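**Q** One file is attached below, final35.tsv, containing TSV, C-alpha atoms and all ligand atoms.
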chain	number	residue	atom	x	y	z
X	1	MET	CA	-64.06	-262.76	-88.26
X	2	LYS	CA	-64.10	-265.52	-90.87
X	3	ALA	CA	-66.54	-265.04	-93.78
X	4	ALA	CA	-67.24	-266.49	-97.24
X	5	VAL	CA	-67.11	-263.48	-99.55
X	6	LEU	CA	-68.57	-263.10	-103.04
X	7	LYS	CA	-65.76	-261.26	-104.85
X	8	THR	CA	-66.28	-262.15	-108.51
X	9	LEU	CA	-69.48	-263.37	-110.16
X	10	LYS	CA	-69.41	-266.99	-111.37
X	11	GLU	CA	-66.32	-267.66	-109.21
X	12	PRO	CA	-66.16	-269.65	-105.95
X	13	LEU	CA	-66.71	-267.66	-102.73
X	14	VAL	CA	-63.45	-266.71	-100.99
X	15	ILE	CA	-63.03	-267.50	-97.30
X	16	GLU	CA	-61.12	-264.74	-95.57
X	17	ASP	CA	-60.84	-262.58	-92.48
X	18	VAL	CA	-63.07	-259.51	-92.56
X	19	PRO	CA	-63.68	-256.83	-89.91
X	20	LEU	CA	-66.48	-257.41	-87.41
X	21	PRO	CA	-69.52	-255.36	-88.48
X	22	THR	CA	-70.32	-252.32	-86.32
X	23	LEU	CA	-73.19	-252.56	-83.89
X	24	GLY	CA	-75.82	-249.82	-84.15
X	25	PRO	CA	-78.00	-248.83	-81.17
X	26	LYS	CA	-81.01	-250.93	-82.29
X	27	ASN	CA	-78.94	-253.87	-83.53
X	28	VAL	CA	-77.93	-257.21	-82.14
X	29	LEU	CA	-74.58	-258.85	-82.78
X	30	MET	CA	-75.45	-262.47	-83.55
X	31	LYS	CA	-72.83	-265.19	-83.30
X	32	VAL	CA	-73.93	-267.26	-86.28
X	33	LYS	CA	-74.38	-270.96	-85.49
X	34	GLN	CA	-75.94	-272.08	-88.78
X	35	CYS	CA	-76.97	-270.61	-92.11
X	36	GLY	CA	-78.88	-272.30	-94.93
X	37	ILE	CA	-77.75	-272.17	-98.55
X	38	CYS	CA	-80.59	-270.88	-100.72
X	39	ILE	CA	-81.29	-271.07	-104.44
X	40	THR	CA	-81.28	-267.24	-104.28
X	41	ASP	CA	-77.63	-267.44	-103.13
X	42	ILE	CA	-76.78	-269.56	-106.17
X	43	LYS	CA	-78.49	-267.02	-108.43
X	44	MET	CA	-76.44	-264.24	-106.84
X	45	VAL	CA	-73.14	-266.10	-107.21
X	46	SER	CA	-73.92	-266.98	-110.83
X	47	GLY	CA	-74.97	-263.40	-111.60
X	48	VAL	CA	-78.56	-264.35	-112.54
X	49	ARG	CA	-79.80	-262.16	-109.70
X	50	PRO	CA	-78.03	-258.76	-109.56
X	51	THR	CA	-76.02	-258.25	-106.38
X	52	GLY	CA	-74.76	-254.67	-106.78
X	53	ASN	CA	-71.28	-253.83	-105.54
X	54	LEU	CA	-68.76	-256.54	-104.83
X	55	PRO	CA	-67.24	-257.79	-102.57
X	56	PHE	CA	-70.39	-258.75	-100.68
X	57	ILE	CA	-71.21	-261.28	-97.94
X	58	ILE	CA	-74.34	-263.22	-98.89
X	59	GLY	CA	-76.45	-265.52	-96.64
X	60	HIS	CA	-79.90	-264.74	-95.29
X	61	GLU	CA	-81.01	-267.94	-93.52
X	62	GLY	CA	-79.15	-267.50	-90.24
X	63	VAL	CA	-79.69	-268.67	-86.67
X	64	GLY	CA	-77.37	-268.07	-83.76
X	65	ILE	CA	-76.71	-266.74	-80.29
X	66	VAL	CA	-76.87	-263.14	-79.12
X	67	GLU	CA	-73.26	-262.03	-78.51
X	68	ASP	CA	-73.88	-258.35	-77.80
X	69	VAL	CA	-76.72	-255.83	-78.01
X	70	GLY	CA	-76.88	-252.14	-78.98
X	71	LYS	CA	-77.72	-249.43	-76.41
X	72	GLU	CA	-81.42	-249.23	-77.35
X	73	VAL	CA	-82.12	-252.97	-77.62
X	74	THR	CA	-84.79	-254.00	-75.13
X	75	HIS	CA	-86.02	-257.46	-76.19
X	76	PHE	CA	-82.82	-259.51	-76.30
X	77	LYS	CA	-79.87	-260.26	-74.07
X	78	THR	CA	-76.50	-261.97	-74.46
X	79	GLY	CA	-76.66	-265.75	-74.68
X	80	GLU	CA	-80.18	-266.08	-76.12
X	81	ARG	CA	-80.76	-268.40	-79.08
X	82	VAL	CA	-82.29	-266.54	-82.02
X	83	LEU	CA	-83.56	-266.89	-85.58
X	84	MET	CA	-83.21	-264.03	-88.07
X	85	ASP	CA	-85.86	-262.83	-90.49
X	86	PRO	CA	-83.95	-261.33	-93.43
X	87	LEU	CA	-86.84	-259.13	-94.61
X	88	LEU	CA	-86.23	-255.50	-93.68
X	89	SER	CA	-89.62	-253.78	-93.78
X	90	CYS	CA	-90.36	-250.20	-92.77
X	91	GLY	CA	-93.39	-250.88	-90.55
X	92	MET	CA	-94.85	-247.57	-91.76
X	93	CYS	CA	-96.12	-247.95	-95.33
X	94	LEU	CA	-99.65	-248.96	-96.24
X	95	ASN	CA	-98.79	-252.63	-96.85
X	96	CYS	CA	-96.85	-252.85	-93.56
X	97	SER	CA	-99.74	-251.28	-91.69
X	98	PHE	CA	-102.03	-253.98	-93.08
X	99	GLY	CA	-99.60	-256.64	-91.81
X	100	ARG	CA	-98.48	-257.41	-95.35
X	101	ASP	CA	-94.83	-256.53	-94.87
X	102	ASN	CA	-93.87	-259.05	-97.59
X	103	MET	CA	-94.91	-256.22	-99.92
X	104	CYS	CA	-93.33	-253.35	-97.96
X	105	GLU	CA	-92.72	-250.35	-100.22
X	106	SER	CA	-89.08	-250.13	-99.09
X	107	ARG	CA	-88.51	-253.87	-98.84
X	108	ARG	CA	-84.86	-254.92	-98.51
X	109	LEU	CA	-83.27	-258.24	-97.62
X	110	ILE	CA	-80.27	-258.94	-95.41
X	111	GLY	CA	-77.65	-260.84	-97.40
X	112	ILE	CA	-79.39	-260.05	-100.69
X	113	THR	CA	-79.83	-256.28	-100.97
X	114	ASN	CA	-76.36	-254.88	-101.40
X	115	GLU	CA	-76.09	-252.48	-98.47
X	116	THR	CA	-77.06	-255.13	-95.89
X	117	PRO	CA	-74.38	-257.87	-95.68
X	118	GLY	CA	-75.44	-261.39	-94.84
X	119	VAL	CA	-74.38	-264.20	-92.56
X	120	TYR	CA	-72.04	-266.53	-94.43
X	121	ALA	CA	-69.87	-265.26	-91.60
X	122	GLU	CA	-69.06	-265.93	-87.95
X	123	TYR	CA	-71.04	-262.87	-86.89
X	124	GLY	CA	-73.90	-260.82	-88.26
X	125	VAL	CA	-75.42	-257.51	-87.22
X	126	ILE	CA	-79.20	-257.86	-87.26
X	127	PRO	CA	-81.83	-255.25	-86.30
X	128	GLU	CA	-83.60	-256.24	-83.09
X	129	ARG	CA	-86.90	-256.12	-85.00
X	130	ASN	CA	-85.70	-258.92	-87.28
X	131	LEU	CA	-84.96	-261.48	-84.58
X	132	TYR	CA	-87.14	-264.09	-82.90
X	133	LYS	CA	-86.20	-266.17	-79.85
X	134	LEU	CA	-85.74	-269.85	-80.61
X	135	PRO	CA	-87.54	-271.97	-78.00
X	136	ASP	CA	-85.30	-274.64	-76.36
X	137	GLU	CA	-87.31	-277.35	-78.15
X	138	VAL	CA	-86.47	-275.90	-81.58
X	139	SER	CA	-82.98	-276.84	-82.81
X	140	PHE	CA	-80.82	-274.48	-84.85
X	141	SER	CA	-81.42	-276.63	-87.96
X	142	ASP	CA	-85.19	-276.46	-87.34
X	143	GLY	CA	-84.74	-272.67	-87.19
X	144	VAL	CA	-83.00	-272.67	-90.59
X	145	LEU	CA	-85.82	-274.78	-92.09
X	146	ILE	CA	-88.43	-272.37	-90.68
X	147	ASN	CA	-86.67	-269.31	-92.04
X	148	SER	CA	-85.79	-270.77	-95.41
X	149	LEU	CA	-88.44	-273.20	-96.61
X	150	LEU	CA	-91.36	-273.51	-94.23
X	151	SER	CA	-92.08	-269.77	-94.33
X	152	PRO	CA	-93.34	-269.48	-97.96
X	153	ALA	CA	-95.27	-272.77	-97.72
X	154	PHE	CA	-96.84	-271.77	-94.40
X	155	HIS	CA	-97.75	-268.37	-95.82
X	156	GLY	CA	-99.46	-270.07	-98.79
X	157	VAL	CA	-101.54	-272.36	-96.56
X	158	LYS	CA	-102.46	-269.44	-94.26
X	159	ARG	CA	-103.31	-267.24	-97.20
X	160	MET	CA	-105.76	-269.85	-98.53
X	161	ASP	CA	-107.53	-269.78	-95.16
X	162	PHE	CA	-107.15	-273.55	-95.12
X	163	LYS	CA	-109.63	-275.24	-92.80
X	164	ALA	CA	-109.36	-278.50	-90.83
X	165	SER	CA	-110.75	-281.50	-92.75
X	166	GLU	CA	-110.32	-279.88	-96.17
X	167	THR	CA	-108.59	-281.80	-98.95
X	168	ALA	CA	-105.56	-280.61	-100.91
X	169	CYS	CA	-103.22	-281.50	-103.73
X	170	VAL	CA	-99.66	-280.25	-104.16
X	171	TYR	CA	-98.10	-279.94	-107.62
X	172	GLY	CA	-94.30	-280.05	-107.29
X	173	LEU	CA	-92.68	-282.01	-104.46
X	174	GLY	CA	-89.34	-280.30	-104.05
X	175	SER	CA	-88.28	-278.60	-100.81
X	176	ILE	CA	-91.14	-276.06	-100.70
X	177	GLY	CA	-93.68	-278.63	-101.91
X	178	THR	CA	-92.77	-281.00	-99.07
X	179	MET	CA	-92.95	-278.10	-96.59
X	180	THR	CA	-96.45	-277.38	-97.94
X	181	ILE	CA	-97.39	-280.98	-97.04
X	182	LEU	CA	-96.08	-280.45	-93.47
X	183	ALA	CA	-98.03	-277.19	-93.12
X	184	LEU	CA	-101.22	-278.78	-94.53
X	185	LYS	CA	-100.96	-281.65	-92.04
X	186	ALA	CA	-100.57	-279.15	-89.20
X	187	PHE	CA	-103.68	-277.30	-90.39
X	188	GLY	CA	-105.69	-280.54	-90.32
X	189	ALA	CA	-105.93	-281.59	-93.97
X	190	SER	CA	-108.01	-284.77	-94.35
X	191	GLN	CA	-106.43	-285.84	-97.63
X	192	ILE	CA	-103.21	-284.68	-99.34
X	193	ILE	CA	-102.35	-285.76	-102.87
X	194	GLY	CA	-98.85	-285.09	-104.25
X	195	VAL	CA	-98.01	-284.70	-107.94
X	196	ASP	CA	-94.58	-284.68	-109.57
X	197	ILE	CA	-92.85	-286.09	-112.63
X	198	ASN	CA	-89.76	-287.22	-110.74
X	199	GLU	CA	-89.99	-290.73	-109.26
X	200	GLN	CA	-87.35	-289.92	-106.60
X	201	ALA	CA	-89.24	-286.77	-105.51
X	202	LEU	CA	-92.47	-288.77	-105.27
X	203	LYS	CA	-90.78	-291.47	-103.20
X	204	ASN	CA	-89.22	-288.88	-100.87
X	205	ALA	CA	-92.48	-286.93	-100.50
X	206	GLU	CA	-94.35	-290.06	-99.36
X	207	LYS	CA	-92.31	-289.88	-96.12
X	208	PHE	CA	-93.89	-286.49	-95.40
X	209	GLY	CA	-97.32	-288.09	-95.00
X	210	LEU	CA	-99.01	-287.92	-98.41
X	211	ASP	CA	-102.16	-289.98	-98.86
X	212	TYR	CA	-101.57	-290.49	-102.59
X	213	VAL	CA	-98.82	-289.77	-105.06
X	214	ILE	CA	-99.32	-289.22	-108.79
X	215	ASN	CA	-96.59	-289.31	-111.42
X	216	SER	CA	-98.04	-286.87	-113.95
X	217	LYS	CA	-95.71	-288.23	-116.64
X	218	LYS	CA	-97.48	-291.57	-116.37
X	219	GLU	CA	-101.10	-290.55	-115.76
X	220	ASP	CA	-103.39	-287.53	-116.09
X	221	PRO	CA	-103.22	-285.89	-112.64
X	222	VAL	CA	-106.52	-284.01	-113.01
X	223	LYS	CA	-108.44	-287.19	-113.85
X	224	ARG	CA	-106.77	-289.12	-111.02
X	225	ILE	CA	-107.39	-286.34	-108.47
X	226	ARG	CA	-111.07	-286.26	-109.43
X	227	GLU	CA	-111.25	-290.05	-109.00
X	228	LEU	CA	-109.61	-289.83	-105.57
X	229	THR	CA	-112.06	-287.15	-104.40
X	230	GLY	CA	-115.34	-288.79	-105.42
X	231	GLY	CA	-115.42	-287.06	-108.80
X	232	LYS	CA	-115.33	-283.56	-107.27
X	233	GLY	CA	-111.74	-282.32	-107.09
X	234	VAL	CA	-109.86	-281.04	-104.04
X	235	ASP	CA	-110.83	-278.08	-101.86
X	236	VAL	CA	-107.45	-276.42	-102.37
X	237	ALA	CA	-104.73	-277.01	-104.98
X	238	PHE	CA	-101.16	-275.75	-104.47
X	239	GLU	CA	-98.86	-275.12	-107.42
X	240	VAL	CA	-95.21	-275.11	-106.33
X	241	VAL	CA	-93.50	-275.61	-109.70
X	242	GLY	CA	-93.84	-272.31	-111.54
X	243	ASN	CA	-94.90	-273.88	-114.82
X	244	HIS	CA	-97.90	-272.75	-116.88
X	245	GLU	CA	-99.03	-276.35	-117.47
X	246	THR	CA	-99.06	-277.26	-113.78
X	247	ILE	CA	-100.79	-273.96	-112.95
X	248	LEU	CA	-103.63	-274.96	-115.29
X	249	GLN	CA	-103.67	-278.55	-114.00
X	250	ALA	CA	-103.89	-277.23	-110.41
X	251	ILE	CA	-106.86	-275.03	-111.31
X	252	TYR	CA	-108.60	-277.95	-113.04
X	253	SER	CA	-107.96	-280.16	-109.98
X	254	THR	CA	-110.17	-278.12	-107.66
X	255	ARG	CA	-113.81	-278.74	-106.86
X	256	HIS	CA	-116.61	-276.26	-107.52
X	257	GLY	CA	-115.95	-273.36	-105.17
X	258	GLY	CA	-112.38	-274.58	-104.77
X	259	ARG	CA	-109.24	-272.48	-104.43
X	260	THR	CA	-105.87	-272.60	-106.16
X	261	CYS	CA	-102.72	-271.22	-104.55
X	262	ILE	CA	-99.83	-270.37	-106.85
X	263	LEU	CA	-96.54	-270.53	-104.96
X	264	GLY	CA	-94.33	-271.24	-107.98
X	265	VAL	CA	-92.99	-268.44	-110.13
X	266	PRO	CA	-92.48	-269.14	-113.86
X	267	PHE	CA	-89.03	-267.92	-114.93
X	268	TYR	CA	-89.75	-267.90	-118.64
X	269	HIS	CA	-91.98	-266.27	-121.19
X	270	VAL	CA	-95.40	-267.84	-120.65
X	271	VAL	CA	-97.84	-267.98	-123.53
X	272	ILE	CA	-101.22	-269.25	-122.43
X	273	ASP	CA	-102.99	-270.79	-125.35
X	274	PHE	CA	-106.48	-269.31	-125.33
X	275	LYS	CA	-107.73	-271.30	-128.31
X	276	ASP	CA	-110.13	-272.82	-125.84
X	277	ALA	CA	-110.63	-269.60	-123.89
X	278	LEU	CA	-114.35	-270.21	-123.70
X	279	GLY	CA	-113.80	-273.65	-122.20
X	280	PHE	CA	-111.23	-272.35	-119.73
X	281	PHE	CA	-113.24	-269.36	-118.53
X	282	HIS	CA	-116.38	-271.46	-118.50
X	283	GLU	CA	-114.61	-273.87	-116.12
X	284	LEU	CA	-113.49	-270.94	-113.92
X	285	SER	CA	-116.92	-269.29	-113.89
X	286	GLU	CA	-118.91	-272.43	-113.43
X	287	LYS	CA	-117.02	-273.36	-110.32
X	288	GLU	CA	-116.48	-269.77	-109.15
X	289	ALA	CA	-112.78	-270.56	-108.87
X	290	SER	CA	-110.47	-268.56	-106.62
X	291	ILE	CA	-106.90	-268.27	-107.83
X	292	ILE	CA	-104.54	-266.70	-105.35
X	293	ILE	CA	-100.83	-265.97	-105.47
X	294	ALA	CA	-98.73	-266.33	-102.34
X	295	TRP	CA	-95.40	-264.58	-102.09
X	296	GLY	CA	-92.86	-264.76	-99.27
X	297	TYR	CA	-94.14	-264.59	-95.70
X	298	THR	CA	-95.13	-262.01	-93.11
X	299	ARG	CA	-93.72	-261.10	-89.69
X	300	GLN	CA	-96.79	-262.33	-87.84
X	301	GLU	CA	-96.19	-265.85	-89.18
X	302	PHE	CA	-92.85	-266.37	-87.36
X	303	PRO	CA	-94.31	-266.75	-83.84
X	304	MET	CA	-96.96	-269.12	-85.28
X	305	MET	CA	-94.38	-271.30	-87.06
X	306	LEU	CA	-92.09	-271.35	-84.01
X	307	ASN	CA	-94.95	-272.49	-81.77
X	308	MET	CA	-96.08	-275.18	-84.18
X	309	VAL	CA	-92.56	-276.57	-84.54
X	310	LYS	CA	-92.05	-276.36	-80.76
X	311	LYS	CA	-95.24	-278.40	-80.22
X	312	ARG	CA	-94.25	-280.80	-83.04
X	313	LEU	CA	-97.42	-279.98	-84.97
X	314	ILE	CA	-94.88	-279.45	-87.70
X	315	ASP	CA	-92.19	-282.12	-87.58
X	316	PHE	CA	-89.13	-281.74	-89.77
X	317	SER	CA	-87.84	-285.29	-89.21
X	318	PRO	CA	-88.49	-286.45	-92.82
X	319	CYS	CA	-86.32	-283.56	-94.15
X	320	ARG	CA	-82.86	-284.36	-95.45
X	321	THR	CA	-80.39	-281.75	-94.24
X	322	LYS	CA	-76.66	-281.75	-94.82
X	323	VAL	CA	-74.54	-279.78	-92.36
X	324	ILE	CA	-71.15	-278.58	-93.61
X	325	PRO	CA	-68.33	-276.34	-92.29
X	326	LEU	CA	-67.84	-272.88	-93.87
X	327	GLU	CA	-64.76	-274.21	-95.68
X	328	GLU	CA	-67.06	-276.43	-97.81
X	329	VAL	CA	-69.42	-273.59	-98.79
X	330	ASN	CA	-68.62	-273.87	-102.51
X	331	GLU	CA	-69.39	-277.62	-102.52
X	332	GLY	CA	-72.54	-276.76	-100.53
X	333	ILE	CA	-73.63	-274.38	-103.27
X	334	LYS	CA	-73.12	-277.15	-105.84
X	335	TRP	CA	-75.14	-279.66	-103.76
X	336	THR	CA	-77.92	-277.11	-103.32
X	337	GLY	CA	-78.12	-276.70	-107.09
X	338	GLU	CA	-78.38	-280.47	-107.52
X	339	GLY	CA	-81.40	-280.53	-105.17
X	340	LYS	CA	-80.35	-283.71	-103.32
X	341	TYR	CA	-81.09	-282.31	-99.88
X	342	THR	CA	-84.01	-280.43	-98.34
X	343	ARG	CA	-81.37	-277.92	-97.20
X	344	VAL	CA	-77.60	-277.73	-97.11
X	345	ILE	CA	-76.64	-275.84	-93.94
X	346	ILE	CA	-73.34	-274.18	-93.06
X	347	GLU	CA	-72.37	-274.67	-89.42
X	348	PHE	CA	-69.90	-272.51	-87.49
X	401	ZN	ZN	-83.58	-268.22	-98.83
X	402	ZN	ZN	-93.33	-250.91	-95.29
Would you kindly transcribe this structure into structure tokens?
**A**
Amino acid sequence: MKAAVLKTLKEPLVIEDVPLPTLGPKNVLMKVKQCGICITDIKMVSGVRPTGNLPFIIGHEGVGIVEDVGKEVTHFKTGERVLMDPLLSCGMCLNCSFGRDNMCESRRLIGITNETPGVYAEYGVIPERNLYKLPDEVSFSDGVLINSLLSPAFHGVKRMDFKASETACVYGLGSIGTMTILALKAFGASQIIGVDINEQALKNAEKFGLDYVINSKKEDPVKRIRELTGGKGVDVAFEVVGNHETILQAIYSTRHGGRTCILGVPFYHVVIDFKDALGFFHELSEKEASIIIAWGYTRQEFPMMLNMVKKRLIDFSPCRTKVIPLEEVNEGIKWTGEGKYTRVIIEF
């Protein structure tokens, strides 16, 4: 089968013929139809994220059609359209038993952890437990967007126990920020305010159904959010940047009793200036602030997301996807890094 193989770090992927992976008894052979290109893939190619032994086939955002099933597979049959969940969890540890498999003690990821090759390839072998049927109403590209970008945003909104008619603000309007807007709309948000410093990102995010946009380079977002919410602040603030300044701004944007969800991960040494520690902790105490981190997604969220996309409660039409053949994978990686598209998707 044809695959794009990572042979040398910092070098383009090499397209070549590789043997078809062997099908274990509990596995499904998936004929890959599409696979998203993720920032994680770029980090692996550039060596920022360790990959282990090379050569290795990356790619964890796959959708496809069941080509063959192992002897013990009971839930799938040839010809079915499927979406893969790359997270290999044990189902046995304490976190798994609480339904928090995003924190499984033996967590591994298809196409990321070295011993489990990914799906920048015509076929992939996926454990039955990691597949979900794609309803007819959900396109392959919708499946890629669910797997890649909606999942962490949806998990964040779920984790905040977001209630219909609540208000929200979203700091950072890139791909996951815009997915957070879509999830908030589906959960019945009455007001969504978007904040970014990039005029193009603000313009693009408006299409996703924001009530207000704030360019935080031009005006103080906390002050503006308070003005837009009758002086109170929002019920829930989402931070999707991973920057210590926006984390603080998000916290300050919430009302008394409000909640802050941190979806962004700072990738640098953060020094929080506690010169005004009293002021900061006074603010937190006085409004009994909840600050919650959301990380990844859980298995139980896939059927929910699939249903909501099927019913068009979540509508991906404002997303900008670019579909490319496998031969253009290296250009696709470059475009992903430039952030021009919601997702660049390889199609087979
Ligand atoms: Zn990904
Ligand atoms: Zn586990």
**Q** Ligand ZN 401 (chain X): which residues are within 10 Å, counting all atoms listed in the file? Reply as a VMD selection string.
**A** chain X and resid 35 to 41 59 to 62 86 111 to 112 144 to 145 147 to 149 151 to 152 296
**Q** May I have a table of the residues of chain X lying at most 8 Å from ligand ZN 402 (chain X), giving each one's closest pair of atoms and their distance in Å to one decimal, counting all atoms listed in the file, ordered by chain and ascending residue number, as JSON lines?
**A**
{"residue": "X:Ser89", "atom": "CA", "partner": "X:ZN402", "partner_atom": "ZN", "distance": 4.9}
{"residue": "X:Cys90", "atom": "CA", "partner": "X:ZN402", "partner_atom": "ZN", "distance": 4.0}
{"residue": "X:Gly91", "atom": "CA", "partner": "X:ZN402", "partner_atom": "ZN", "distance": 4.7}
{"residue": "X:Met92", "atom": "CA", "partner": "X:ZN402", "partner_atom": "ZN", "distance": 5.1}
{"residue": "X:Cys93", "atom": "CA", "partner": "X:ZN402", "partner_atom": "ZN", "distance": 4.1}
{"residue": "X:Leu94", "atom": "CA", "partner": "X:ZN402", "partner_atom": "ZN", "distance": 6.7}
{"residue": "X:Asn95", "atom": "CA", "partner": "X:ZN402", "partner_atom": "ZN", "distance": 5.9}
{"residue": "X:Cys96", "atom": "CA", "partner": "X:ZN402", "partner_atom": "ZN", "distance": 4.4}
{"residue": "X:Ser97", "atom": "CA", "partner": "X:ZN402", "partner_atom": "ZN", "distance": 7.4}
{"residue": "X:Asp101", "atom": "CA", "partner": "X:ZN402", "partner_atom": "ZN", "distance": 5.8}
{"residue": "X:Met103", "atom": "CA", "partner": "X:ZN402", "partner_atom": "ZN", "distance": 7.2}
{"residue": "X:Cys104", "atom": "CA", "partner": "X:ZN402", "partner_atom": "ZN", "distance": 3.6}
{"residue": "X:Glu105", "atom": "CA", "partner": "X:ZN402", "partner_atom": "ZN", "distance": 5.0}
{"residue": "X:Ser106", "atom": "CA", "partner": "X:ZN402", "partner_atom": "ZN", "distance": 5.8}
{"residue": "X:Arg107", "atom": "CA", "partner": "X:ZN402", "partner_atom": "ZN", "distance": 6.7}
**Q** Give me the stretch 195-224 of chain X side of the contact with stretch 233-238 of chain X, cut-off 10 Å, one line per residue showing its nearest atom pair and distance in Å at one decimal, counting only C-alpha atoms, sorted by chain and residue number, as JSON lines.
**A**
{"residue": "X:Val222", "atom": "CA", "partner": "X:Gly233", "partner_atom": "CA", "distance": 8.1}
{"residue": "X:Lys223", "atom": "CA", "partner": "X:Gly233", "partner_atom": "CA", "distance": 9.0}
{"residue": "X:Arg224", "atom": "CA", "partner": "X:Gly233", "partner_atom": "CA", "distance": 9.3}
**Q** So that I have them on file, write out the residues from the current selection with C-alpha atoms, as a PDB file, keeping the file's coordinate frame.
**A**
ATOM      1  CA  VAL X 222    -106.520-284.010-113.010  1.00  0.00           C
ATOM      2  CA  LYS X 223    -108.440-287.190-113.850  1.00  0.00           C
ATOM      3  CA  ARG X 224    -106.770-289.120-111.020  1.00  0.00           C
TER       4      ARG X 224
END
**Q** Work out how far apart atom CA of X:Pro266 and atom CA of X:Ala168 are and give it in Å to one decimal.
**A**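 Separation between atom CA of X:Pro266 and atom CA of X:Ala168: 21.7 Å.
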**Q** Write out as number ranges by chain each polymer residue whose atoms come within 6 Å of stretch 325-339 of chain X, counting all atoms listed in the file; drop sequence neighbours fewer than 5 positions from it.
**A** X: 12, 346-347
**Q** Do you know which residues are at most 8 Å from X:Ser165 counting only C-alpha atoms, after dropping those on the same chain fewer than 3 positions away, and could you put them as a list of chain:residue names?
**A**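 In the requested form, the answer reads X:Gly188, X:Ala189, X:Ser190, X:Gln191.
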**Q** Using Å and a single decimal, report how far atom CA of X:Lys77 sits from atom CA of X:Phe140.
**A**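 Computing the Euclidean distance for atom CA of X:Phe140 and atom CA of X:Lys77 yields 17.9 Å.
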**Q** Which centre and edge lengths in Å to one decimal define the box along x, y and z that fits every listed atom of stretch 322-333 of chain X plus 6 Å per side, as lines of an AutoDock Vina configuration file?
**A**
center_x = -70.7
center_y = -277.3
center_z = -97.8
size_x = 23.9
size_y = 20.9
size_z = 23.0
**Q** Do a neighbour search on X:Asp136 at 12 Å with all atoms listed in the file, toss out local chain neighbours closer than 5 positions, and write the hits as a VMD selection string.
**A** chain X and resid 80 to 82 142 to 143 306 to 307 309 to 311
**Q** Can you tell me, as an MDAnalysis selection string, what residues are no more than 6 Å from X:Leu29 when counting all atoms listed in the file, ignoring any on the same chain fewer than 2 positions away?
**A** chainID X and resid 67:68 124:125
**Q** Find the distance between atom CA of X:Ile214 and atom CA of X:Leu228 and write it in Å to one decimal.
**A**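 These atoms are spaced 10.8 Å apart.
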**Q** Of the candidates X:Ile291, X:Glu219, X:Phe154, X:Leu263, which shows the shortest atom-to-atom distance to X:Ala186, using only C-alpha atoms?
**A** X:Phe154
**Q** Excluding X:Pro25 and residues on its chain fewer than 6 positions from it, collect all residues at most 9 Å away from it, counting only C-alpha atoms, and give them as a ChimeraX atom specification.
**A** /X:69-73
**Q** So, with only C-alpha atoms as the atoms that count, which of X:Leu173, X:Leu9, X:Ala3, X:Ile197 lies closest to X:Gly52?
**A**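 Among the listed residues, the smallest separation from X:Gly52 belongs to X:Leu9.
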**Q** Smallest atom-to-atom distance to X:Leu134: which of X:Met84, X:Gly177, X:Asp211, X:Gly194, using all atoms listed in the file?
**A**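 Using all atoms listed in the file, the shortest distance to X:Leu134 belongs to X:Met84.
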**Q** Could you tell me which of X:Val157, X:Leu54, X:Val170, X:Leu88 comes closest to X:Asn114 if we count only C-alpha atoms?
**A** X:Leu54
**Q** Restricting the calculation to all atoms listed in the file, which member of X:Phe98, X:Phe56, X:Phe281, X:Phe267 is positioned closest to X:Ile15?
**A**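 For X:Ile15, the nearest of the candidates is X:Phe56.
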